[in-house]
Amino acid sequence: MNFNHPDRVVQSWYPAMRSRGLGRGKARSLDLLRRRIVLYRDAGGQVHALDGQCPHLGADLGHGKVQGTELRCAYHHWCFGPNGACTRAPFFDAPPARRTRSYPVYEAWGMIWIFNGPAPLFPGPWEVVGSGARVFRVYTDHLPVHPHLITLNGMDACHFSALHPMAQTRAPEVSQEDAFRTTLRIGGRPHSRLLRWFIGSPTDELIGEFTVLGGNISFATVTYPHTFKVVFATDPTGPATCRSITFLIFPRGVRLRPLFALGVLLAVLPDDRRIFFGLKFQPGFSEHDACARSFYEQVNAMATW
Ligand code: FES
Ligand SMILES: [Fe+2]
C-alpha cells in the first residue's frame with residue numbers, strides 16, 4: 001500500500017526548490033522525498049540531481065564542488081557525473097565502480113522539479129497545462145498530512161456540497177486518462193449571495209474539474225464563468241507532513257482575472273485546510289466515494305523508488 005505511507009514515495013514529479021536559489025557552479029543538498037538529495041547546476045546552467053550521500057564513505061555531497069558537469073565530493077575528492085557514476089578519484093588509475101542514484105530534472109515555473117524514478121513515466125504539470133500560460137506561484141503551505149491526502153481532497157466528490165458552501169448542480173463525472181492521471185468534472189452553485197454576485201455568472205454556477213497527476217499533484221480548472229487553473233504540487237516533508245506549493249495559471253488567450261481567481265480560492269481553500277488538521281486517514285470508503293477510491297487505488301498501483 002503506497003497511499004498515505006510514511007516512507008514510500010511513488011514515482012512522480014516533485015517540486016524541489018526555486019530555480020534562482022541555485023546559481024551556476026553551486027551545489028545544494030536538501031531533505032527531499034524522505035531522503036537526502038543533492039542538486040547542482042553545472043557550468044552550462046544545467047541542473048542535475050543525485051542521491052546526496054557519497055557512495056564512498058557517506059559524506060554529504062552538498063559540501064562538494066562543481067567541476068564542469070561533475071560534482072566532486074569534499075571528503076576524498078571522488079568525482080561523480082550527471083548519471084551518478086564515479087568518473088575519477090585520487091590514487092585510482094581507473095575510477096572506482098561506485099555510483100549514486102541520479103534523478104531526471106526539469107525546470108519550469110521558476111522551480112526545479114525532480115522525478116522520483118530512473119526515467120519520467122509521464123509529463124510534468126507544465127506540459128499538461130501547455131506552453132504560453134501565465135503562471136504565478138501564489139504561496140507555499142506546510143500541512144500536517146501526507147501529500148496524498150491533499151490530492152485526495154480534489155477527487156472527493158461528496159465533500160464539495162458538504163464542507164464547501166455550495167450546492168451540487170450536476171452529477172460528478174470521472175474519466176481516467178492513463179495510469180497516472182484522472183479527472184473529475186463537477187458543477188456547483190454557492191450558497192452565499194455575496195459569492196454568487198462576485199462570480200457574476202448568469203446561472204450562478206461555477207463549473208470546473210479536478211485532475212490528479214501522480215499521487216501528489218492536482219489541478220483545479222474552473223471553466224465557467226471565467227477560466228483559470230490552480231495547481232497544488234506537494235512533496236512529503238516527514239512521515240505525515242507535506243509542503244504544498246500553489247500556482248495560479250491563466251491559459252493562453254484567456255483574460256487575466258486574478259481577483260476572480262483569488263476570490264474563488266478564498267471561498268473554498270480555508271475549509272479544506274481546516275480539515276487537514278487532526279485528520280487521521282482511514283480507507284473507510286462508502287459506495288458514494290467511488291472517485292476518491294479510484295484515486296486511492298491509482299496511487300497504490302504506482303511504482304515507488
Ligand atoms: S566520502 Fe566522498 S569521496 Fe570519500
Ligand atoms: Fe475541498
# chains A, B, ... in the order shown; residues from 1 in each chain; ligands from 1
$ residues_around --residues "Thr140 in chain A" --least-positions-apart "5" --cutoff "10 Å" --atoms "only C-alpha atoms" --output "list in words"
Phe232, Ala233, Thr234, Arg243, Ser244, Ile245, Thr246 and Phe247 of chain A
$ write_last_selection --atoms "N, CA and C atoms" --output "CSV table (one decimal), in the first residue's frame"
chain,number,residue,atom,x,y,z
A,232,PHE,N,-1.8,22.5,-7.3
A,232,PHE,CA,-1.2,22.2,-6.0
A,232,PHE,C,-0.2,21.1,-6.2
A,233,ALA,N,1.1,21.5,-5.9
A,233,ALA,CA,2.2,20.5,-6.1
A,233,ALA,C,2.7,20.2,-4.7
A,234,THR,N,2.7,19.0,-4.3
A,234,THR,CA,3.1,18.7,-2.9
A,234,THR,C,4.2,17.7,-2.9
A,243,ARG,N,4.7,19.7,2.2
A,243,ARG,CA,4.7,21.1,1.7
A,243,ARG,C,3.8,21.2,0.5
A,244,SER,N,3.0,22.2,0.4
A,244,SER,CA,2.1,22.3,-0.8
A,244,SER,C,2.4,23.7,-1.4
A,245,ILE,N,2.7,23.6,-2.7
A,245,ILE,CA,3.0,24.9,-3.4
A,245,ILE,C,1.9,25.1,-4.4
A,246,THR,N,1.3,26.3,-4.3
A,246,THR,CA,0.1,26.6,-5.1
A,246,THR,C,0.5,27.6,-6.3
A,247,PHE,N,0.2,27.2,-7.5
A,247,PHE,CA,0.4,28.0,-8.7
A,247,PHE,C,-1.0,28.4,-9.2
$ residues_around --residues "Phe160 in chain A" --least-positions-apart "6" --cutoff "10 Å" --atoms "only C-alpha atoms" --output "PyMOL selection string"
chain A and resi 153-154+166-168+186-188+268+272
$ write_last_selection --atoms "all heavy atoms" --output "compact mmCIF listing (two decimals), in the first residue's frame"
# COMPACT_ATOMS: atom_id res chain seq x y z
N ASN A 153 -8.39 15.16 -1.69
CA ASN A 153 -9.47 16.14 -1.47
C ASN A 153 -10.14 16.56 -2.78
O ASN A 153 -11.36 16.68 -2.85
CB ASN A 153 -8.85 17.34 -0.74
CG ASN A 153 -9.88 18.40 -0.42
OD1 ASN A 153 -10.12 19.30 -1.22
ND2 ASN A 153 -10.49 18.29 0.72
N GLY A 154 -9.32 16.74 -3.83
CA GLY A 154 -9.89 17.16 -5.11
C GLY A 154 -10.70 16.07 -5.79
O GLY A 154 -11.56 16.35 -6.63
N MET A 166 -21.68 25.11 -1.09
CA MET A 166 -22.07 25.04 -2.49
C MET A 166 -23.05 23.89 -2.73
O MET A 166 -22.85 22.81 -2.17
CB MET A 166 -20.79 24.73 -3.29
CG MET A 166 -20.55 25.70 -4.41
SD MET A 166 -18.99 25.38 -5.17
CE MET A 166 -18.00 26.68 -4.48
N ALA A 167 -24.07 24.12 -3.53
CA ALA A 167 -24.98 23.02 -3.87
C ALA A 167 -24.51 22.42 -5.19
O ALA A 167 -24.17 23.15 -6.13
CB ALA A 167 -26.39 23.56 -4.02
N GLN A 168 -24.53 21.09 -5.25
CA GLN A 168 -24.10 20.42 -6.48
C GLN A 168 -25.13 20.66 -7.58
O GLN A 168 -26.33 20.51 -7.35
CB GLN A 168 -23.98 18.94 -6.16
CG GLN A 168 -23.30 18.13 -7.21
CD GLN A 168 -23.11 16.71 -6.71
OE1 GLN A 168 -22.36 16.45 -5.78
NE2 GLN A 168 -23.81 15.79 -7.33
N ILE A 186 -17.20 18.66 -12.15
CA ILE A 186 -18.28 18.98 -11.21
C ILE A 186 -18.83 20.37 -11.49
O ILE A 186 -18.20 21.17 -12.18
CB ILE A 186 -17.79 18.96 -9.73
CG1 ILE A 186 -16.46 19.74 -9.62
CG2 ILE A 186 -17.64 17.58 -9.18
CD1 ILE A 186 -16.12 20.07 -8.21
N GLY A 187 -20.01 20.64 -10.96
CA GLY A 187 -20.59 21.99 -11.06
C GLY A 187 -21.27 22.30 -9.74
O GLY A 187 -21.82 21.41 -9.09
N GLY A 188 -21.20 23.56 -9.32
CA GLY A 188 -21.82 23.91 -8.04
C GLY A 188 -22.33 25.35 -8.04
O GLY A 188 -21.88 26.19 -8.83
N VAL A 268 -13.03 28.72 -0.88
CA VAL A 268 -13.02 27.26 -0.81
C VAL A 268 -11.89 26.72 0.08
O VAL A 268 -12.09 25.86 0.93
CB VAL A 268 -12.88 26.69 -2.25
CG1 VAL A 268 -12.65 25.20 -2.21
CG2 VAL A 268 -14.10 27.03 -3.08
N ASP A 272 -10.97 23.45 3.42
CA ASP A 272 -10.16 22.23 3.23
C ASP A 272 -9.01 22.20 4.22
O ASP A 272 -8.72 21.19 4.84
CB ASP A 272 -9.58 22.19 1.81
CG ASP A 272 -10.63 21.88 0.77
OD1 ASP A 272 -11.50 21.04 1.05
OD2 ASP A 272 -10.57 22.48 -0.31
$ residues_around --residues "Gln46 in chain A" --least-positions-apart "2" --cutoff "12 Å" --atoms "only C-alpha atoms" --output "NGL selection string"
:A and (19 or 22-27 or 39-44 or 48-49 or 66 or 68-70 or 82 or 104-107 or 112)
$ closest_atom_pairs --of "chain A" --to "ligand 1" --cutoff "7 Å" --atoms "only C-alpha atoms and all ligand atoms" --output "CSV"
residue,atom,partner,partner_atom_place_in_ligand_line,distance
A:Cys54,CA,ligand 1,2 (Fe),4.6
A:Pro55,CA,ligand 1,2 (Fe),6.6
A:His56,CA,ligand 1,1 (S),4.6
A:Leu57,CA,ligand 1,1 (S),3.9
A:Gly58,CA,ligand 1,1 (S),4.9
A:Ala59,CA,ligand 1,1 (S),4.4
A:Cys73,CA,ligand 1,2 (Fe),4.7
A:Ala74,CA,ligand 1,2 (Fe),6.4
A:Tyr75,CA,ligand 1,4 (Fe),4.9
A:His76,CA,ligand 1,3 (S),3.8
A:His77,CA,ligand 1,3 (S),5.0
A:Trp78,CA,ligand 1,3 (S),4.4
$ write_last_selection --atoms "all heavy atoms" --output "compact mmCIF listing (two decimals), in the first residue's frame"
# COMPACT_ATOMS: atom_id res chain seq x y z
N CYS A 54 27.50 10.47 -0.34
CA CYS A 54 28.57 9.95 -1.21
C CYS A 54 28.68 8.43 -1.07
O CYS A 54 28.70 7.91 0.06
CB CYS A 54 29.89 10.61 -0.84
SG CYS A 54 31.27 10.00 -1.82
N PRO A 55 28.74 7.69 -2.20
CA PRO A 55 28.81 6.22 -2.11
C PRO A 55 30.19 5.71 -1.67
O PRO A 55 30.41 4.50 -1.62
CB PRO A 55 28.48 5.76 -3.53
CG PRO A 55 28.81 6.90 -4.41
CD PRO A 55 28.67 8.16 -3.58
N HIS A 56 31.14 6.62 -1.36
CA HIS A 56 32.40 6.17 -0.76
C HIS A 56 32.17 6.00 0.74
O HIS A 56 31.76 4.94 1.17
CB HIS A 56 33.52 7.20 -1.09
CG HIS A 56 34.84 6.84 -0.49
ND1 HIS A 56 35.75 7.79 -0.10
CD2 HIS A 56 35.40 5.64 -0.19
CE1 HIS A 56 36.83 7.20 0.40
NE2 HIS A 56 36.63 5.88 0.34
N LEU A 57 32.34 7.04 1.55
CA LEU A 57 32.15 6.88 2.99
C LEU A 57 30.98 7.69 3.52
O LEU A 57 30.87 7.91 4.72
CB LEU A 57 33.45 7.24 3.74
CG LEU A 57 34.67 6.36 3.45
CD1 LEU A 57 35.83 6.70 4.38
CD2 LEU A 57 34.36 4.87 3.57
N GLY A 58 30.16 8.19 2.60
CA GLY A 58 28.88 8.75 3.05
C GLY A 58 28.85 10.24 3.35
O GLY A 58 27.91 10.72 3.99
N ALA A 59 29.86 11.00 2.88
CA ALA A 59 29.81 12.45 3.12
C ALA A 59 28.61 13.06 2.40
O ALA A 59 28.12 12.51 1.41
CB ALA A 59 31.10 13.10 2.63
N CYS A 73 33.22 15.25 -4.50
CA CYS A 73 32.95 15.15 -3.06
C CYS A 73 34.06 15.86 -2.29
O CYS A 73 35.25 15.74 -2.61
CB CYS A 73 32.85 13.69 -2.66
SG CYS A 73 32.57 13.45 -0.89
N ALA A 74 33.68 16.59 -1.25
CA ALA A 74 34.66 17.38 -0.48
C ALA A 74 35.60 16.49 0.33
O ALA A 74 36.73 16.86 0.61
CB ALA A 74 33.91 18.33 0.46
N TYR A 75 35.15 15.29 0.68
CA TYR A 75 35.89 14.49 1.67
C TYR A 75 37.18 13.87 1.10
O TYR A 75 38.25 14.05 1.64
CB TYR A 75 34.94 13.43 2.24
CG TYR A 75 35.29 12.90 3.62
CD1 TYR A 75 36.37 13.39 4.35
CD2 TYR A 75 34.52 11.90 4.20
CE1 TYR A 75 36.66 12.90 5.61
CE2 TYR A 75 34.80 11.40 5.46
CZ TYR A 75 35.89 11.91 6.16
OH TYR A 75 36.16 11.41 7.42
N HIS A 76 37.05 13.11 -0.04
CA HIS A 76 38.25 12.47 -0.62
C HIS A 76 38.38 12.76 -2.11
O HIS A 76 39.10 12.07 -2.81
CB HIS A 76 38.20 10.94 -0.40
CG HIS A 76 37.93 10.53 1.00
ND1 HIS A 76 36.66 10.22 1.45
CD2 HIS A 76 38.75 10.40 2.08
CE1 HIS A 76 36.70 9.91 2.74
NE2 HIS A 76 37.96 10.01 3.15
N HIS A 77 37.60 13.73 -2.58
CA HIS A 77 37.69 14.20 -3.97
C HIS A 77 37.31 13.17 -5.03
O HIS A 77 37.82 13.22 -6.14
CB HIS A 77 39.08 14.80 -4.25
CG HIS A 77 39.25 16.16 -3.65
ND1 HIS A 77 40.34 16.96 -3.92
CD2 HIS A 77 38.48 16.85 -2.79
CE1 HIS A 77 40.22 18.11 -3.24
NE2 HIS A 77 39.10 18.06 -2.54
N TRP A 78 36.45 12.21 -4.70
CA TRP A 78 35.91 11.37 -5.76
C TRP A 78 34.93 12.24 -6.56
O TRP A 78 34.21 13.06 -5.96
CB TRP A 78 35.16 10.17 -5.17
CG TRP A 78 36.03 9.12 -4.53
CD1 TRP A 78 37.29 9.29 -4.02
CD2 TRP A 78 35.69 7.75 -4.32
NE1 TRP A 78 37.77 8.13 -3.50
CE2 TRP A 78 36.81 7.15 -3.67
CE3 TRP A 78 34.58 6.96 -4.60
CZ2 TRP A 78 36.80 5.81 -3.32
CZ3 TRP A 78 34.59 5.62 -4.24
CH2 TRP A 78 35.70 5.04 -3.62
$ closest_residue --among "A:His63, A:His226, A:His164, A:Arg170" --to "ligand 2" --atoms "only C-alpha atoms and all ligand atoms"
A:His164
$ closest_residue --among "A:His5, A:Arg274, A:His159, A:Lys65" --to "ligand 2" --atoms "only C-alpha atoms and all ligand atoms"
A:His159
$ closest_residue --among "A:Leu71, A:Ile249, A:Leu152, A:Val135" --to "Asn216 in chain A" --atoms "only C-alpha atoms"
A:Leu152
$ select_by_dssp --residues "range 141-252 of chain A" --states "helix (DSSP H, G or I)" --output "VMD selection string"
chain A and resid 147 to 155 157 to 159 193 to 199
$ select_by_dssp --residues "range 3-170 of chain A" --states "strand (DSSP E)" --output "short mmCIF file (atom, residue, chain, number, x, y, z; two decimals) with N, CA, C and O atoms, in the first residue's frame"
data_model
loop_
_atom_site.label_atom_id
_atom_site.label_comp_id
_atom_site.auth_asym_id
_atom_site.auth_seq_id
_atom_site.Cartn_x
_atom_site.Cartn_y
_atom_site.Cartn_z
N TRP A 13 6.61 13.50 -10.40
CA TRP A 13 7.37 14.75 -10.37
C TRP A 13 7.12 15.46 -9.04
O TRP A 13 5.97 15.54 -8.59
N TYR A 14 8.20 15.97 -8.44
CA TYR A 14 8.09 16.70 -7.17
C TYR A 14 8.83 18.03 -7.28
O TYR A 14 9.93 18.08 -7.84
N PRO A 15 8.24 19.10 -6.72
CA PRO A 15 8.97 20.37 -6.72
C PRO A 15 10.12 20.26 -5.71
O PRO A 15 9.92 19.77 -4.60
N ALA A 16 11.33 20.69 -6.10
CA ALA A 16 12.47 20.57 -5.19
C ALA A 16 12.81 21.92 -4.55
O ALA A 16 12.79 22.05 -3.34
N MET A 17 13.11 22.90 -5.37
CA MET A 17 13.47 24.22 -4.84
C MET A 17 13.32 25.25 -5.94
O MET A 17 13.11 24.91 -7.11
N ARG A 18 13.45 26.53 -5.57
CA ARG A 18 13.34 27.58 -6.57
C ARG A 18 14.58 27.61 -7.44
O ARG A 18 15.70 27.46 -6.94
N ALA A 27 26.27 23.80 -5.56
CA ALA A 27 25.63 22.54 -5.17
C ALA A 27 24.87 22.79 -3.87
O ALA A 27 25.32 23.59 -3.04
N ARG A 28 23.75 22.09 -3.73
CA ARG A 28 22.98 22.25 -2.50
C ARG A 28 22.28 20.94 -2.17
O ARG A 28 21.66 20.34 -3.05
N SER A 29 22.44 20.47 -0.94
CA SER A 29 21.72 19.24 -0.59
C SER A 29 20.50 19.59 0.25
O SER A 29 20.50 20.57 1.01
N LEU A 30 19.45 18.78 0.08
CA LEU A 30 18.16 19.05 0.72
C LEU A 30 17.57 17.75 1.24
O LEU A 30 17.84 16.68 0.69
N ASP A 31 16.76 17.85 2.30
CA ASP A 31 15.94 16.71 2.70
C ASP A 31 14.71 16.73 1.82
O ASP A 31 13.89 17.64 1.92
N LEU A 32 14.63 15.74 0.95
CA LEU A 32 13.57 15.74 -0.05
C LEU A 32 13.15 14.30 -0.29
O LEU A 32 14.03 13.42 -0.33
N ARG A 35 14.56 11.51 1.95
CA ARG A 35 15.99 11.15 1.89
C ARG A 35 16.80 12.41 1.64
O ARG A 35 16.23 13.51 1.61
N ARG A 36 18.11 12.27 1.50
CA ARG A 36 18.97 13.42 1.23
C ARG A 36 19.26 13.43 -0.27
O ARG A 36 19.66 12.40 -0.83
N ILE A 37 19.07 14.56 -0.91
CA ILE A 37 19.31 14.67 -2.35
C ILE A 37 20.16 15.91 -2.58
O ILE A 37 19.96 16.95 -1.93
N VAL A 38 21.17 15.78 -3.46
CA VAL A 38 21.98 16.95 -3.80
C VAL A 38 21.60 17.44 -5.20
O VAL A 38 21.41 16.64 -6.12
N LEU A 39 21.46 18.74 -5.33
CA LEU A 39 21.20 19.36 -6.64
C LEU A 39 22.42 20.20 -6.97
O LEU A 39 22.98 20.86 -6.08
N TYR A 40 22.86 20.17 -8.20
CA TYR A 40 23.94 21.10 -8.58
C TYR A 40 23.70 21.61 -9.99
O TYR A 40 23.09 20.93 -10.81
N ARG A 41 24.15 22.84 -10.21
CA ARG A 41 23.99 23.44 -11.53
C ARG A 41 25.38 23.52 -12.16
O ARG A 41 26.29 24.12 -11.59
N VAL A 47 20.83 21.72 -14.54
CA VAL A 47 20.75 21.22 -13.16
C VAL A 47 20.76 19.69 -13.15
O VAL A 47 20.15 19.06 -14.02
N HIS A 48 21.47 19.11 -12.19
CA HIS A 48 21.50 17.65 -12.02
C HIS A 48 21.12 17.33 -10.58
O HIS A 48 21.36 18.15 -9.68
N ALA A 49 20.55 16.15 -10.37
CA ALA A 49 20.16 15.74 -9.01
C ALA A 49 20.68 14.33 -8.76
O ALA A 49 20.49 13.44 -9.60
N LEU A 50 21.34 14.14 -7.63
CA LEU A 50 21.88 12.84 -7.25
C LEU A 50 21.48 12.54 -5.81
O LEU A 50 21.19 13.47 -5.04
N ASP A 51 21.55 11.25 -5.44
CA ASP A 51 21.39 10.95 -4.02
C ASP A 51 22.50 11.67 -3.27
O ASP A 51 23.66 11.69 -3.74
N LYS A 65 32.15 20.27 -4.72
CA LYS A 65 32.46 21.38 -5.64
C LYS A 65 32.06 20.95 -7.05
O LYS A 65 32.33 19.81 -7.46
N VAL A 66 31.44 21.85 -7.78
CA VAL A 66 31.06 21.55 -9.16
C VAL A 66 32.27 21.77 -10.04
O VAL A 66 32.93 22.81 -9.97
N GLN A 67 32.57 20.76 -10.87
CA GLN A 67 33.68 20.88 -11.81
C GLN A 67 33.15 20.49 -13.19
O GLN A 67 32.91 19.31 -13.43
N GLU A 70 30.49 17.80 -13.54
CA GLU A 70 30.59 16.81 -12.47
C GLU A 70 30.58 17.45 -11.10
O GLU A 70 30.77 18.67 -10.96
N LEU A 71 30.36 16.60 -10.10
CA LEU A 71 30.37 17.07 -8.71
C LEU A 71 31.47 16.30 -7.98
O LEU A 71 31.50 15.07 -8.00
N ARG A 72 32.37 17.05 -7.34
CA ARG A 72 33.48 16.41 -6.62
C ARG A 72 33.19 16.43 -5.12
O ARG A 72 32.92 17.49 -4.54
N CYS A 79 34.91 12.03 -7.89
CA CYS A 79 34.04 12.86 -8.74
C CYS A 79 32.91 12.00 -9.30
O CYS A 79 33.12 10.83 -9.65
N PHE A 80 31.73 12.63 -9.44
CA PHE A 80 30.55 11.92 -9.95
C PHE A 80 29.95 12.71 -11.11
O PHE A 80 29.84 13.93 -11.05
N CYS A 86 30.85 7.25 -10.60
CA CYS A 86 32.13 7.85 -10.24
C CYS A 86 32.99 7.91 -11.51
O CYS A 86 33.10 6.92 -12.24
N THR A 87 33.58 9.05 -11.79
CA THR A 87 34.35 9.23 -13.03
C THR A 87 35.85 9.23 -12.77
O THR A 87 36.64 8.90 -13.65
N ARG A 88 36.27 9.64 -11.60
CA ARG A 88 37.69 9.62 -11.24
C ARG A 88 37.82 9.81 -9.74
O ARG A 88 36.89 10.31 -9.09
N SER A 102 20.83 8.89 -9.81
CA SER A 102 20.57 10.21 -10.38
C SER A 102 19.09 10.31 -10.73
O SER A 102 18.43 9.30 -11.03
N TYR A 103 18.57 11.52 -10.68
CA TYR A 103 17.14 11.76 -10.89
C TYR A 103 16.94 12.64 -12.11
O TYR A 103 17.68 13.62 -12.29
N VAL A 105 15.59 15.73 -14.07
CA VAL A 105 15.35 17.09 -13.57
C VAL A 105 14.69 17.91 -14.66
O VAL A 105 14.99 17.74 -15.85
N TYR A 106 13.79 18.81 -14.28
CA TYR A 106 13.20 19.74 -15.25
C TYR A 106 12.99 21.08 -14.54
O TYR A 106 12.65 21.10 -13.36
N GLU A 107 13.25 22.17 -15.25
CA GLU A 107 13.00 23.49 -14.66
C GLU A 107 11.79 24.11 -15.33
O GLU A 107 11.75 24.24 -16.57
N ALA A 108 10.81 24.49 -14.54
CA ALA A 108 9.59 25.12 -15.06
C ALA A 108 8.94 25.91 -13.95
O ALA A 108 9.06 25.56 -12.77
N MET A 111 10.77 26.85 -10.78
CA MET A 111 11.14 25.81 -9.81
C MET A 111 12.00 24.74 -10.50
O MET A 111 11.87 24.52 -11.70
N ILE A 112 12.79 24.07 -9.69
CA ILE A 112 13.47 22.85 -10.15
C ILE A 112 12.60 21.68 -9.69
O ILE A 112 12.24 21.60 -8.52
N TRP A 113 12.23 20.82 -10.64
CA TRP A 113 11.40 19.64 -10.34
C TRP A 113 12.25 18.40 -10.54
O TRP A 113 13.07 18.35 -11.47
N ILE A 114 12.06 17.40 -9.70
CA ILE A 114 12.75 16.15 -9.95
C ILE A 114 11.74 15.01 -10.03
O ILE A 114 10.69 15.05 -9.38
N PHE A 115 12.10 14.03 -10.85
CA PHE A 115 11.24 12.85 -10.98
C PHE A 115 11.83 11.76 -10.10
O PHE A 115 13.01 11.42 -10.22
N ARG A 134 0.34 31.86 -18.41
CA ARG A 134 0.99 32.74 -17.43
C ARG A 134 0.84 32.10 -16.06
O ARG A 134 -0.29 31.79 -15.64
N VAL A 135 1.96 31.89 -15.40
CA VAL A 135 1.96 31.12 -14.16
C VAL A 135 2.45 32.00 -13.01
O VAL A 135 3.46 32.68 -13.15
N PHE A 136 1.72 32.00 -11.91
CA PHE A 136 2.13 32.76 -10.73
C PHE A 136 2.21 31.79 -9.55
O PHE A 136 1.24 31.07 -9.29
N ARG A 137 3.36 31.77 -8.88
CA ARG A 137 3.46 30.95 -7.67
C ARG A 137 2.82 31.77 -6.56
O ARG A 137 3.29 32.87 -6.24
N VAL A 138 1.72 31.29 -5.99
CA VAL A 138 0.95 32.14 -5.08
C VAL A 138 1.44 31.99 -3.64
O VAL A 138 1.71 32.97 -2.98
N TYR A 139 1.54 30.77 -3.15
CA TYR A 139 2.05 30.61 -1.79
C TYR A 139 2.47 29.16 -1.54
O TYR A 139 2.12 28.25 -2.28
N THR A 140 3.24 29.02 -0.46
CA THR A 140 3.70 27.70 -0.03
C THR A 140 3.14 27.46 1.36
O THR A 140 3.23 28.33 2.23
N ASP A 141 2.54 26.30 1.55
CA ASP A 141 1.93 25.98 2.83
C ASP A 141 2.59 24.71 3.38
O ASP A 141 3.09 23.88 2.61
N HIS A 142 2.57 24.56 4.69
CA HIS A 142 3.07 23.33 5.33
C HIS A 142 1.91 22.74 6.10
O HIS A 142 1.28 23.43 6.91
N LEU A 143 1.60 21.49 5.81
CA LEU A 143 0.38 20.90 6.36
C LEU A 143 0.67 19.58 7.07
O LEU A 143 1.59 18.84 6.68
N MET A 166 -21.68 25.11 -1.09
CA MET A 166 -22.07 25.04 -2.49
C MET A 166 -23.05 23.89 -2.73
O MET A 166 -22.85 22.81 -2.17
N ALA A 167 -24.07 24.12 -3.53
CA ALA A 167 -24.98 23.02 -3.87
C ALA A 167 -24.51 22.42 -5.19
O ALA A 167 -24.17 23.15 -6.13
N GLN A 168 -24.53 21.09 -5.25
CA GLN A 168 -24.10 20.42 -6.48
C GLN A 168 -25.13 20.66 -7.58
O GLN A 168 -26.33 20.51 -7.35
N THR A 169 -24.67 21.05 -8.79
CA THR A 169 -25.64 21.34 -9.87
C THR A 169 -25.57 20.31 -11.00
O THR A 169 -26.38 20.36 -11.92
N ARG A 170 -24.61 19.46 -10.97
CA ARG A 170 -24.56 18.39 -11.98
C ARG A 170 -23.87 17.17 -11.38
O ARG A 170 -23.07 17.30 -10.46
#
$ closest_atom_pairs --of "chain A" --to "ligand 2" --cutoff "12 Å" --atoms "only C-alpha atoms and all ligand atoms" --output "Markdown table"
| residue | atom | partner | partner_atom_place_in_ligand_line | distance |
| --- | --- | --- | --- | --- |
| A:Leu149 | CA | ligand 2 | 1 (Fe) | 11.0 |
| A:Ile150 | CA | ligand 2 | 1 (Fe) | 9.0 |
| A:Thr151 | CA | ligand 2 | 1 (Fe) | 9.7 |
| A:Leu152 | CA | ligand 2 | 1 (Fe) | 9.2 |
| A:Asn153 | CA | ligand 2 | 1 (Fe) | 5.5 |
| A:Gly154 | CA | ligand 2 | 1 (Fe) | 6.0 |
| A:Met155 | CA | ligand 2 | 1 (Fe) | 8.8 |
| A:Asp156 | CA | ligand 2 | 1 (Fe) | 7.7 |
| A:Ala157 | CA | ligand 2 | 1 (Fe) | 8.8 |
| A:Cys158 | CA | ligand 2 | 1 (Fe) | 9.6 |
| A:His159 | CA | ligand 2 | 1 (Fe) | 6.6 |
| A:Phe160 | CA | ligand 2 | 1 (Fe) | 6.0 |
| A:Ser161 | CA | ligand 2 | 1 (Fe) | 9.4 |
| A:Ala162 | CA | ligand 2 | 1 (Fe) | 9.5 |
| A:Leu163 | CA | ligand 2 | 1 (Fe) | 7.2 |
| A:His164 | CA | ligand 2 | 1 (Fe) | 6.7 |
| A:Pro165 | CA | ligand 2 | 1 (Fe) | 10.3 |
| A:Met166 | CA | ligand 2 | 1 (Fe) | 10.8 |
| A:Phe210 | CA | ligand 2 | 1 (Fe) | 10.4 |
| A:Ser218 | CA | ligand 2 | 1 (Fe) | 11.7 |
| A:Ala220 | CA | ligand 2 | 1 (Fe) | 10.2 |
| A:Val264 | CA | ligand 2 | 1 (Fe) | 11.7 |
| A:Leu265 | CA | ligand 2 | 1 (Fe) | 10.1 |
| A:Leu266 | CA | ligand 2 | 1 (Fe) | 11.4 |
| A:Ala267 | CA | ligand 2 | 1 (Fe) | 10.2 |
| A:Val268 | CA | ligand 2 | 1 (Fe) | 6.5 |
| A:Leu269 | CA | ligand 2 | 1 (Fe) | 6.5 |
| A:Pro270 | CA | ligand 2 | 1 (Fe) | 8.9 |
| A:Asp271 | CA | ligand 2 | 1 (Fe) | 7.0 |
| A:Asp272 | CA | ligand 2 | 1 (Fe) | 4.9 |
| A:Arg273 | CA | ligand 2 | 1 (Fe) | 8.4 |
| A:Arg274 | CA | ligand 2 | 1 (Fe) | 10.2 |
| A:Ile275 | CA | ligand 2 | 1 (Fe) | 9.2 |
| A:Phe276 | CA | ligand 2 | 1 (Fe) | 10.4 |
$ atom_distance --atom1 "CA of Ala133 in chain A" --atom2 "CA of Thr223 in chain A"
15.1 Å
$ atom_distance --atom1 "CA of Gly215 in chain A" --atom2 "CA of Phe277 in chain A"
20.0 Å
$ atom_distance --atom1 "CA of Phe281 in chain A" --atom2 "CA of Pro125 in chain A"
26.3 Å
$ residues_around --residues "Thr304 in chain A" --least-positions-apart "6" --cutoff "6 Å" --atoms "only C-alpha atoms" --output "NGL selection string"
:A and (9-11)
$ write_last_selection --atoms "N, CA and C atoms" --output "PDB file, in the first residue's frame"
ATOM      1  N   VAL A   9       7.733   6.573  -1.472  1.00  0.00           N
ATOM      2  CA  VAL A   9       7.491   7.753  -2.303  1.00  0.00           C
ATOM      3  C   VAL A   9       7.283   7.270  -3.734  1.00  0.00           C
ATOM      4  N   VAL A  10       6.105   7.476  -4.281  1.00  0.00           N
ATOM      5  CA  VAL A  10       5.797   6.929  -5.601  1.00  0.00           C
ATOM      6  C   VAL A  10       6.518   7.709  -6.695  1.00  0.00           C
ATOM      7  N   GLN A  11       6.648   7.073  -7.851  1.00  0.00           N
ATOM      8  CA  GLN A  11       7.353   7.684  -8.971  1.00  0.00           C
ATOM      9  C   GLN A  11       6.491   8.785  -9.574  1.00  0.00           C
TER      10      GLN A  11
END
